[in-house]
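protein12.pdb (PDB, C-alpha atoms)
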ATOM      1  CA  MET A  21    -179.192 -16.878  29.057
ATOM      2  CA  PHE A  22    -176.906 -14.422  30.833
ATOM      3  CA  PHE A  23    -173.566 -13.323  29.370
ATOM      4  CA  GLU A  24    -171.205 -10.663  30.692
ATOM      5  CA  ARG A  25    -167.554  -9.726  30.603
ATOM      6  CA  CYS A  26    -166.197  -9.570  34.158
ATOM      7  CA  PRO A  27    -163.539  -6.827  34.246
ATOM      8  CA  ALA A  28    -160.335  -6.854  36.262
ATOM      9  CA  LYS A  29    -159.993  -4.155  38.893
ATOM     10  CA  ILE A  30    -156.827  -2.289  39.738
ATOM     11  CA  ASN A  31    -155.801  -0.418  42.888
ATOM     12  CA  LEU A  32    -154.315   2.909  41.837
ATOM     13  CA  PHE A  33    -153.219   3.319  45.434
ATOM     14  CA  LEU A  34    -153.848   1.302  48.589
ATOM     15  CA  LYS A  35    -153.428   2.526  52.152
ATOM     16  CA  ILE A  36    -154.036   0.436  55.274
ATOM     17  CA  THR A  37    -155.366   2.784  57.951
ATOM     18  CA  GLY A  38    -156.252   0.464  60.850
ATOM     19  CA  ARG A  39    -157.682  -2.842  61.961
ATOM     20  CA  ARG A  40    -161.247  -3.527  63.024
ATOM     21  CA  ALA A  41    -162.453  -5.521  65.985
ATOM     22  CA  ASP A  42    -163.639  -8.258  63.583
ATOM     23  CA  GLY A  43    -160.058  -8.706  62.336
ATOM     24  CA  TYR A  44    -160.496  -7.046  58.953
ATOM     25  CA  HIS A  45    -158.113  -4.266  57.983
ATOM     26  CA  GLU A  46    -159.417  -0.777  57.248
ATOM     27  CA  LEU A  47    -158.310   0.466  53.854
ATOM     28  CA  GLU A  48    -158.406   3.482  51.605
ATOM     29  CA  SER A  49    -158.000   2.918  47.897
ATOM     30  CA  LEU A  50    -158.913   4.142  44.454
ATOM     31  CA  PHE A  51    -160.378   1.217  42.528
ATOM     32  CA  ALA A  52    -160.636   1.406  38.748
ATOM     33  CA  PHE A  53    -161.114  -1.107  35.923
ATOM     34  CA  LEU A  54    -158.945  -2.651  33.228
ATOM     35  CA  ASP A  55    -159.940  -3.556  29.685
ATOM     36  CA  LEU A  56    -159.047  -7.129  30.622
ATOM     37  CA  ALA A  57    -161.940  -9.391  31.544
ATOM     38  CA  ASP A  58    -163.132 -12.914  32.193
ATOM     39  CA  GLU A  59    -166.228 -14.068  30.297
ATOM     40  CA  LEU A  60    -169.233 -15.490  32.148
ATOM     41  CA  THR A  61    -172.191 -17.365  30.656
ATOM     42  CA  ILE A  62    -175.090 -18.749  32.725
ATOM     43  CA  VAL A  63    -177.983 -20.795  31.335
ATOM     44  CA  LYS A  64    -180.688 -22.846  33.027
ATOM     45  CA  SER A  65    -180.081 -26.567  32.640
ATOM     46  CA  ASP A  66    -181.313 -29.975  33.785
ATOM     47  CA  LYS A  67    -178.272 -30.352  36.074
ATOM     48  CA  PHE A  68    -175.566 -28.280  37.729
ATOM     49  CA  GLN A  69    -172.407 -27.890  35.663
ATOM     50  CA  LEU A  70    -169.413 -25.580  36.110
ATOM     51  CA  GLU A  71    -167.249 -25.336  32.980
ATOM     52  CA  ILE A  72    -163.927 -23.529  33.378
ATOM     53  CA  LYS A  73    -161.911 -22.534  30.305
ATOM     54  CA  GLY A  74    -159.164 -20.075  29.420
ATOM     55  CA  GLU A  75    -155.501 -19.440  30.150
ATOM     56  CA  PHE A  76    -155.917 -19.564  33.940
ATOM     57  CA  ALA A  77    -158.612 -22.262  34.162
ATOM     58  CA  GLN A  78    -156.310 -24.736  35.909
ATOM     59  CA  LYS A  79    -155.969 -22.327  38.847
ATOM     60  CA  ILE A  80    -159.660 -22.655  39.792
ATOM     61  CA  ASP A  81    -160.840 -25.462  42.071
ATOM     62  CA  PRO A  82    -164.109 -26.745  40.542
ATOM     63  CA  GLN A  83    -165.220 -28.050  43.943
ATOM     64  CA  ASN A  84    -164.363 -25.057  46.120
ATOM     65  CA  ASN A  85    -164.964 -21.639  44.559
ATOM     66  CA  LEU A  86    -167.116 -18.531  44.863
ATOM     67  CA  PHE A  87    -169.625 -19.723  42.252
ATOM     68  CA  THR A  88    -170.687 -22.730  44.320
ATOM     69  CA  LYS A  89    -170.626 -20.786  47.597
ATOM     70  CA  ILE A  90    -172.756 -17.948  46.216
ATOM     71  CA  LEU A  91    -175.154 -20.337  44.482
ATOM     72  CA  ASP A  92    -175.661 -22.320  47.709
ATOM     73  CA  PHE A  93    -176.438 -19.047  49.513
ATOM     74  CA  PHE A  94    -178.977 -17.939  46.883
ATOM     75  CA  VAL A  95    -180.612 -21.395  46.826
ATOM     76  CA  ALA A  96    -181.073 -21.269  50.610
ATOM     77  CA  GLU A  97    -182.047 -17.592  50.794
ATOM     78  CA  PHE A  98    -184.247 -17.167  47.702
ATOM     79  CA  ASP A  99    -185.342 -20.750  46.928
ATOM     80  CA  ILE A 100    -183.950 -20.695  43.382
ATOM     81  CA  GLU A 101    -183.030 -23.700  41.212
ATOM     82  CA  LYS A 102    -179.475 -24.984  41.412
ATOM     83  CA  ASN A 103    -179.532 -26.575  37.951
ATOM     84  CA  LEU A 104    -177.410 -24.150  35.960
ATOM     85  CA  HIS A 105    -174.708 -24.484  33.345
ATOM     86  CA  ILE A 106    -172.063 -21.932  34.334
ATOM     87  CA  LYS A 107    -169.193 -21.308  31.927
ATOM     88  CA  ILE A 108    -166.302 -19.039  32.886
ATOM     89  CA  VAL A 109    -163.399 -18.182  30.597
ATOM     90  CA  LYS A 110    -160.512 -17.151  32.859
ATOM     91  CA  ASN A 111    -158.434 -14.471  31.121
ATOM     92  CA  ILE A 112    -157.424 -12.630  34.321
ATOM     93  CA  PRO A 113    -154.473 -14.035  36.309
ATOM     94  CA  VAL A 114    -155.614 -15.711  39.555
ATOM     95  CA  SER A 115    -154.597 -14.562  43.066
ATOM     96  CA  ALA A 116    -152.957 -11.610  41.346
ATOM     97  CA  GLY A 117    -154.316  -8.473  43.036
ATOM     98  CA  LEU A 118    -156.644  -7.853  40.075
ATOM     99  CA  GLY A 119    -159.944  -8.965  41.615
ATOM    100  CA  GLY A 120    -160.677 -11.566  38.936
ATOM    101  CA  GLY A 121    -162.481 -13.933  41.285
ATOM    102  CA  SER A 122    -164.354 -11.049  42.897
ATOM    103  CA  SER A 123    -165.439  -9.748  39.484
ATOM    104  CA  ASP A 124    -166.653 -13.202  38.458
ATOM    105  CA  ALA A 125    -168.587 -13.378  41.736
ATOM    106  CA  ALA A 126    -170.123  -9.930  41.228
ATOM    107  CA  TYR A 127    -171.377 -10.714  37.733
ATOM    108  CA  PHE A 128    -172.540 -14.155  38.818
ATOM    109  CA  MET A 129    -174.722 -12.432  41.434
ATOM    110  CA  HIS A 130    -176.038 -10.086  38.735
ATOM    111  CA  GLY A 131    -176.754 -13.131  36.595
ATOM    112  CA  LEU A 132    -178.697 -14.954  39.303
ATOM    113  CA  ASN A 133    -180.651 -11.784  39.993
ATOM    114  CA  GLN A 134    -181.581 -11.481  36.307
ATOM    115  CA  ILE A 135    -182.246 -15.139  35.455
ATOM    116  CA  PHE A 136    -184.497 -15.708  38.472
ATOM    117  CA  ALA A 137    -186.077 -12.202  38.442
ATOM    118  CA  LEU A 138    -185.192 -11.601  42.091
ATOM    119  CA  ASN A 139    -185.443  -7.799  41.716
ATOM    120  CA  LEU A 140    -182.553  -7.191  44.085
ATOM    121  CA  SER A 141    -181.023  -3.714  43.905
ATOM    122  CA  VAL A 142    -177.273  -3.138  43.545
ATOM    123  CA  ALA A 143    -177.289  -2.081  47.212
ATOM    124  CA  ASP A 144    -178.985  -5.389  48.144
ATOM    125  CA  LEU A 145    -176.359  -7.351  46.211
ATOM    126  CA  GLN A 146    -173.528  -5.328  47.750
ATOM    127  CA  LYS A 147    -174.795  -6.155  51.235
ATOM    128  CA  ILE A 148    -174.909  -9.875  50.387
ATOM    129  CA  SER A 149    -171.469  -9.705  48.762
ATOM    130  CA  LEU A 150    -169.725  -8.895  52.054
ATOM    131  CA  TYR A 151    -170.279 -12.526  53.090
ATOM    132  CA  PHE A 152    -167.980 -13.591  50.249
ATOM    133  CA  GLY A 153    -165.245 -10.956  49.919
ATOM    134  CA  SER A 154    -164.321  -7.320  50.312
ATOM    135  CA  ASP A 155    -163.810  -6.368  46.630
ATOM    136  CA  ILE A 156    -167.103  -7.713  45.292
ATOM    137  CA  ALA A 157    -169.207  -4.746  46.438
ATOM    138  CA  PHE A 158    -167.195  -2.362  44.262
ATOM    139  CA  LEU A 159    -167.309  -4.698  41.266
ATOM    140  CA  LEU A 160    -171.103  -4.804  41.422
ATOM    141  CA  GLN A 161    -171.073  -1.244  40.081
ATOM    142  CA  LYS A 162    -169.537   0.222  36.938
ATOM    143  CA  LYS A 163    -167.659   3.359  37.999
ATOM    144  CA  ALA A 164    -164.231   3.924  39.543
ATOM    145  CA  ALA A 165    -164.523   4.733  43.235
ATOM    146  CA  ILE A 166    -162.780   5.666  46.430
ATOM    147  CA  VAL A 167    -163.233   2.574  48.597
ATOM    148  CA  LYS A 168    -162.856   2.658  52.371
ATOM    149  CA  GLY A 169    -163.581   0.480  55.403
ATOM    150  CA  ARG A 170    -163.287  -3.213  54.524
ATOM    151  CA  GLY A 171    -164.666  -2.427  51.057
ATOM    152  CA  GLU A 172    -168.233  -1.470  51.936
ATOM    153  CA  GLU A 173    -167.782   2.328  51.801
ATOM    154  CA  ILE A 174    -167.857   3.221  48.106
ATOM    155  CA  VAL A 175    -167.918   6.758  46.668
ATOM    156  CA  GLU A 176    -167.795   7.288  42.899
ATOM    157  CA  PHE A 177    -164.664   9.028  41.648
ATOM    158  CA  PRO A 178    -164.869  11.734  38.959
ATOM    159  CA  GLU A 179    -164.484  10.394  35.435
ATOM    160  CA  PHE A 180    -161.008  10.410  33.908
ATOM    161  CA  LYS A 181    -159.695   9.572  30.444
ATOM    162  CA  PRO A 182    -158.455   5.997  29.842
ATOM    163  CA  ILE A 183    -154.830   5.626  30.933
ATOM    164  CA  PRO A 184    -152.580   3.303  28.871
ATOM    165  CA  ALA A 185    -150.465   1.050  31.085
ATOM    166  CA  LEU A 186    -148.325  -2.063  31.026
ATOM    167  CA  LEU A 187    -149.536  -4.916  33.247
ATOM    168  CA  ILE A 188    -147.043  -7.522  34.461
ATOM    169  CA  ASN A 189    -147.880 -10.677  36.403
ATOM    170  CA  PRO A 190    -145.271 -13.388  37.071
ATOM    171  CA  LYS A 191    -147.942 -16.111  37.101
ATOM    172  CA  ILE A 192    -147.184 -16.852  40.738
ATOM    173  CA  ALA A 193    -150.209 -16.767  43.045
ATOM    174  CA  VAL A 194    -150.019 -14.586  46.153
ATOM    175  CA  SER A 195    -152.340 -15.186  49.107
ATOM    176  CA  THR A 196    -154.189 -11.992  50.050
ATOM    177  CA  LYS A 197    -154.851 -13.422  53.512
ATOM    178  CA  GLU A 198    -151.154 -14.160  54.109
ATOM    179  CA  ILE A 199    -149.993 -10.758  52.841
ATOM    180  CA  PHE A 200    -152.448  -8.911  55.088
ATOM    181  CA  ALA A 201    -151.404 -11.118  58.015
ATOM    182  CA  ALA A 202    -147.777 -10.131  57.389
ATOM    183  CA  PHE A 203    -148.537  -6.390  57.378
ATOM    184  CA  ASP A 204    -146.408  -4.765  60.091
ATOM    185  CA  GLY A 205    -149.173  -2.593  61.569
ATOM    186  CA  ASN A 206    -147.545   0.674  60.487
ATOM    187  CA  PHE A 207    -150.878   2.211  59.531
ATOM    188  CA  SER A 208    -151.231   5.174  57.183
ATOM    189  CA  ALA A 209    -153.014   8.324  58.303
ATOM    190  CA  LYS A 210    -156.643   8.494  57.215
ATOM    191  CA  ILE A 211    -157.688  10.954  54.534
ATOM    192  CA  SER A 212    -161.319  12.025  54.251
ATOM    193  CA  LYS A 213    -163.382  11.030  51.228
ATOM    194  CA  ASP A 214    -163.952  14.686  50.358
ATOM    195  CA  GLU A 215    -160.217  15.367  50.336
ATOM    196  CA  LEU A 216    -159.476  12.312  48.181
ATOM    197  CA  LEU A 217    -162.190  13.271  45.696
ATOM    198  CA  LYS A 218    -160.617  16.697  45.227
ATOM    199  CA  LYS A 219    -157.280  15.225  44.163
ATOM    200  CA  ASP A 220    -156.261  14.759  40.538
ATOM    201  CA  ILE A 221    -155.915  11.183  39.275
ATOM    202  CA  LEU A 222    -152.183  11.673  38.625
ATOM    203  CA  GLU A 223    -151.694  12.883  42.189
ATOM    204  CA  LEU A 224    -153.411   9.781  43.568
ATOM    205  CA  LEU A 225    -151.304   7.557  41.326
ATOM    206  CA  ASN A 226    -148.292   8.789  43.273
ATOM    207  CA  PHE A 227    -149.783   7.559  46.558
ATOM    208  CA  SER A 228    -148.246   4.317  47.831
ATOM    209  CA  ASN A 229    -149.491   0.754  48.049
ATOM    210  CA  ASP A 230    -148.943  -0.218  51.708
ATOM    211  CA  MET A 231    -149.082  -3.903  50.743
ATOM    212  CA  GLU A 232    -145.932  -3.726  48.611
ATOM    213  CA  LYS A 233    -143.533  -4.265  51.514
ATOM    214  CA  PRO A 234    -145.099  -7.496  52.893
ATOM    215  CA  ALA A 235    -145.776  -8.750  49.347
ATOM    216  CA  ILE A 236    -142.130  -8.242  48.356
ATOM    217  CA  ALA A 237    -141.029 -10.038  51.547
ATOM    218  CA  ALA A 238    -143.154 -13.018  50.462
ATOM    219  CA  LEU A 239    -142.206 -12.793  46.777
ATOM    220  CA  PRO A 240    -139.024 -10.765  46.083
ATOM    221  CA  LEU A 241    -139.690 -11.087  42.341
ATOM    222  CA  ILE A 242    -142.214  -8.242  42.745
ATOM    223  CA  ALA A 243    -139.356  -5.853  43.586
ATOM    224  CA  GLU A 244    -137.529  -7.004  40.448
ATOM    225  CA  ILE A 245    -140.592  -6.320  38.294
ATOM    226  CA  LEU A 246    -141.027  -2.833  39.770
ATOM    227  CA  GLN A 247    -137.340  -2.014  39.314
ATOM    228  CA  ASN A 248    -137.431  -3.164  35.707
ATOM    229  CA  LEU A 249    -140.480  -0.975  35.068
ATOM    230  CA  ARG A 250    -138.557   1.987  36.479
ATOM    231  CA  ASN A 251    -135.506   1.052  34.415
ATOM    232  CA  GLN A 252    -137.786   1.161  31.374
ATOM    233  CA  ASN A 253    -138.673   4.772  32.251
ATOM    234  CA  ALA A 254    -142.099   4.202  33.796
ATOM    235  CA  LYS A 255    -143.415   7.439  35.313
ATOM    236  CA  VAL A 256    -145.404   5.304  37.773
ATOM    237  CA  ALA A 257    -144.468   1.742  38.762
ATOM    238  CA  LYS A 258    -146.478   0.029  41.476
ATOM    239  CA  MET A 259    -148.249  -3.104  42.593
ATOM    240  CA  SER A 260    -152.024  -3.645  42.523
ATOM    241  CA  GLY A 261    -153.838  -4.968  45.584
ATOM    242  CA  SER A 262    -151.827  -7.528  47.532
ATOM    243  CA  GLY A 263    -149.845  -8.538  44.427
ATOM    244  CA  ALA A 264    -148.226  -9.992  42.535
ATOM    245  CA  SER A 265    -149.466  -7.954  39.547
ATOM    246  CA  CYS A 266    -147.598  -4.712  38.883
ATOM    247  CA  PHE A 267    -148.264  -1.947  36.406
ATOM    248  CA  GLY A 268    -146.325   0.856  34.777
ATOM    249  CA  ILE A 269    -147.538   4.116  33.304
ATOM    250  CA  PHE A 270    -145.342   5.789  30.699
ATOM    251  CA  ALA A 271    -144.887   9.222  29.166
ATOM    252  CA  ASN A 272    -146.020   8.084  25.722
ATOM    253  CA  GLU A 273    -147.049   5.093  23.604
ATOM    254  CA  ASN A 274    -143.534   4.560  22.267
ATOM    255  CA  SER A 275    -142.078   4.177  25.779
ATOM    256  CA  LEU A 276    -144.872   1.779  26.682
ATOM    257  CA  ASP A 277    -144.190  -0.301  23.553
ATOM    258  CA  LEU A 278    -140.462  -0.470  24.330
ATOM    259  CA  ALA A 279    -141.200  -1.650  27.881
ATOM    260  CA  ASN A 280    -143.683  -4.217  26.577
ATOM    261  CA  ASP A 281    -141.038  -5.562  24.187
ATOM    262  CA  PHE A 282    -138.444  -5.676  26.995
ATOM    263  CA  PHE A 283    -140.642  -7.742  29.325
ATOM    264  CA  ALA A 284    -141.916 -10.017  26.547
ATOM    265  CA  ARG A 285    -138.330 -10.716  25.486
ATOM    266  CA  ASN A 286    -136.714 -11.095  28.923
ATOM    267  CA  PHE A 287    -139.584 -12.652  30.891
ATOM    268  CA  PRO A 288    -141.348 -14.929  28.389
ATOM    269  CA  ASN A 289    -143.132 -16.878  31.140
ATOM    270  CA  PHE A 290    -144.769 -13.773  32.611
ATOM    271  CA  PHE A 291    -148.239 -12.480  31.753
ATOM    272  CA  VAL A 292    -147.401  -9.205  29.965
ATOM    273  CA  ARG A 293    -150.223  -7.100  28.560
ATOM    274  CA  LYS A 294    -150.781  -3.574  27.350
ATOM    275  CA  VAL A 295    -154.003  -2.418  29.010
ATOM    276  CA  LYS A 296    -156.110   0.667  29.574
ATOM    277  CA  ILE A 297    -157.103   1.823  33.059
ATOM    278  CA  LEU A 298    -160.776   2.844  32.888
ATOM    279  CA  SER A 299    -162.944   5.008  35.108
ATOM    280  CA  ASN A 300    -166.186   3.438  33.931
ATOM    281  CA  LEU A 301    -167.539   0.506  31.925
TER     282      LEU A 301
END
In structure tokens, write the structure found in this file.
Amino acid sequence: MFFERCPAKINLFLKITGRRADGYHELESLFAFLDLADELTIVKSDKFQLEIKGEFAQKIDPQNNLFTKILDFFVAEFDIEKNLHIKIVKNIPVSAGLGGGSSDAAYFMHGLNQIFALNLSVADLQKISLYFGSDIAFLLQKKAAIVKGRGEEIVEFPEFKPIPALLINPKIAVSTKEIFAAFDGNFSAKISKDELLKKDILELLNFSNDMEKPAIAALPLIAEILQNLRNQNAKVAKMSGSGASCFGIFANENSLDLANDFFARNFPNFFVRKVKILSNL
């Protein structure tokens, strides 16, 4: 049996620096983790079964998802058995800029590697992961990192203390593909990895998310969430990934608690959670 918690990722900044010939955008970002995770269990069985539970289970298509796509690839490439009972408990909002599906995919690949003793290295798995998504390569490792290119250039970031934050998601899915397609092409200047690694975490938190503008155009509610975080005295208020999840960082625990109470009271249908931003797992 294989069991793992699949952590959410968060973009502490996100810059779009160009577009490649293959159509993918070039990015620069600092990826870290949240203490919010899905739960994945894999056991060998006499038939294939995908069991989806949890708050966001209804958002996953049991017929068309990364589990089945990755499993089909591994069956064809490594001649493994397809008869597995896969259970995923979805605690991370879906299509939310938090990499929940990518994290599930990363740990599913780890699980297949372990259960079938394939002896693939993390680098091997990261190479395979690019067939299925840009965030998965980062989530195959366990340390915060500067991520560049389309997600394949990963450099570990120096360790930092856990950062308390308030996570807000309106429970409205945002299409990453559509948000990137709507990006206006006003690319940010590139910054070298060495220069980014020299910067303090708080300095990088003040860098922008270039996806906020097209995401707000698609879902104006994001702007309302960010403004309310600022109104609640967040020192940092920004969106993660392509949205719609936003997060606020506050001067102290009391301010964070007051903001949490405000959102829970005024936006009862939102996903509101006090979290910690982590540099390693």
Of the listed residues A:Glu244, A:Glu172, A:Asp277, A:Glu46, that which approaches A:Lys258 most closely, counting only C-alpha atoms: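 When distances to A:Lys258 are compared using only C-alpha atoms, the smallest one comes from A:Glu244.
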Ref. answer, residues at most 12 Å from (-161.2, -6.9, 57.6) with only C-alpha atoms, as number ranges by chain: A: 36-47, 150-151, 153-155, 168-172, 196-197, 200-201
Between atom CA of A:Phe283 and atom CA of A:Asn189 - distance in Å to one decimal: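 That distance, rounded to one decimal, is 10.5 Å.
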Nearest to A:Phe136 by atom-to-atom distance, counting all atoms listed in the file, from A:Ser275, A:Ser228, A:Asn280, A:Asn103: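 Using all atoms listed in the file, the shortest distance to A:Phe136 belongs to A:Asn103.
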Close residues, A:Leu249 itself excluded, 8 Å, all atoms listed in the file, min 4 positions apart in chain, as a PDB file with C-alpha atoms, keeping the file's coordinate frame:
ATOM      1  CA  ILE A 245    -140.592  -6.320  38.294  1.00  0.00           C
ATOM      2  CA  ASN A 253    -138.673   4.772  32.251  1.00  0.00           C
ATOM      3  CA  ALA A 254    -142.099   4.202  33.796  1.00  0.00           C
ATOM      4  CA  ALA A 257    -144.468   1.742  38.762  1.00  0.00           C
ATOM      5  CA  PHE A 267    -148.264  -1.947  36.406  1.00  0.00           C
ATOM      6  CA  GLY A 268    -146.325   0.856  34.777  1.00  0.00           C
ATOM      7  CA  ALA A 279    -141.200  -1.650  27.881  1.00  0.00           C
TER       8      ALA A 279
END
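Picture a line from atom CA of A:Ala116 to atom CA of A:Ala264; it runs 5.1 Å.
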Best match for closeness to A:Ser265 among A:Ile62, A:Leu104, A:Ile30, A:Ala238, counting only C-alpha atoms: A:Ile30
The PyMOL selection byres ((chain A and resi 131) around 9) applied to the shown file, residues as a ChimeraX atom specification: /A:21-24,61-62,126-130,132-136
Cut-off 12 Å around (-146.0, -3.5, 41.2) with only C-alpha atoms: residues as JSON, numbers by chain: {"A": [30, 31, 32, 33, 34, 116, 117, 118, 185, 186, 187, 188, 189, 190, 228, 229, 230, 231, 232, 233, 235, 236, 239, 240, 241, 242, 243, 244, 245, 246, 247, 248, 249, 250, 254, 256, 257, 258, 259, 260, 261, 262, 263, 264, 265, 266, 267, 268, 269]}
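The shortest atom-to-atom distance to A:Lys191, with all atoms listed in the file taken into account, belongs to A:Lys79 out of A:Lys67, A:Lys73, A:Lys79, A:Lys213.
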To test the calculation: enclose all listed atoms of stretch 158-168 of chain A in a box whose edges run along x, y and z, add 5 Å on each side, then state centre and edge lengths in Å to one decimal, as lines of an AutoDock Vina configuration file.
center_x = -166.9
center_y = 0.4
center_z = 44.7
size_x = 18.3
size_y = 20.5
size_z = 25.4
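We find atom CA of A:Phe87 and atom CA of A:Asn139 to be spaced 19.8 Å apart.
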Matched chain/residue IDs from the PyMOL selection byres ((chain A and resi 176) around 12), as a PyMOL selection string: chain A and resi 49-52+158+161-168+173-175+177-180+213-214+216-217+299-300
Which of A:Asp55, A:Glu198, A:Glu215, A:Glu75 sits closest to A:Lys296 [using only C-alpha atoms]: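 Closest residue, counting only C-alpha atoms: A:Asp55.
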Contacts of A:Lys102 within 8 Å, only C-alpha atoms, excl. fewer than 4 positions in-chain, as a VMD selection string: chain A and resid 67 to 68 91 to 92 95
Among the residues A:Val295, A:Leu60, A:Ile183, A:Ile211, the one that comes closest to A:Asn272 [using all atoms listed in the file]: A:Ile183
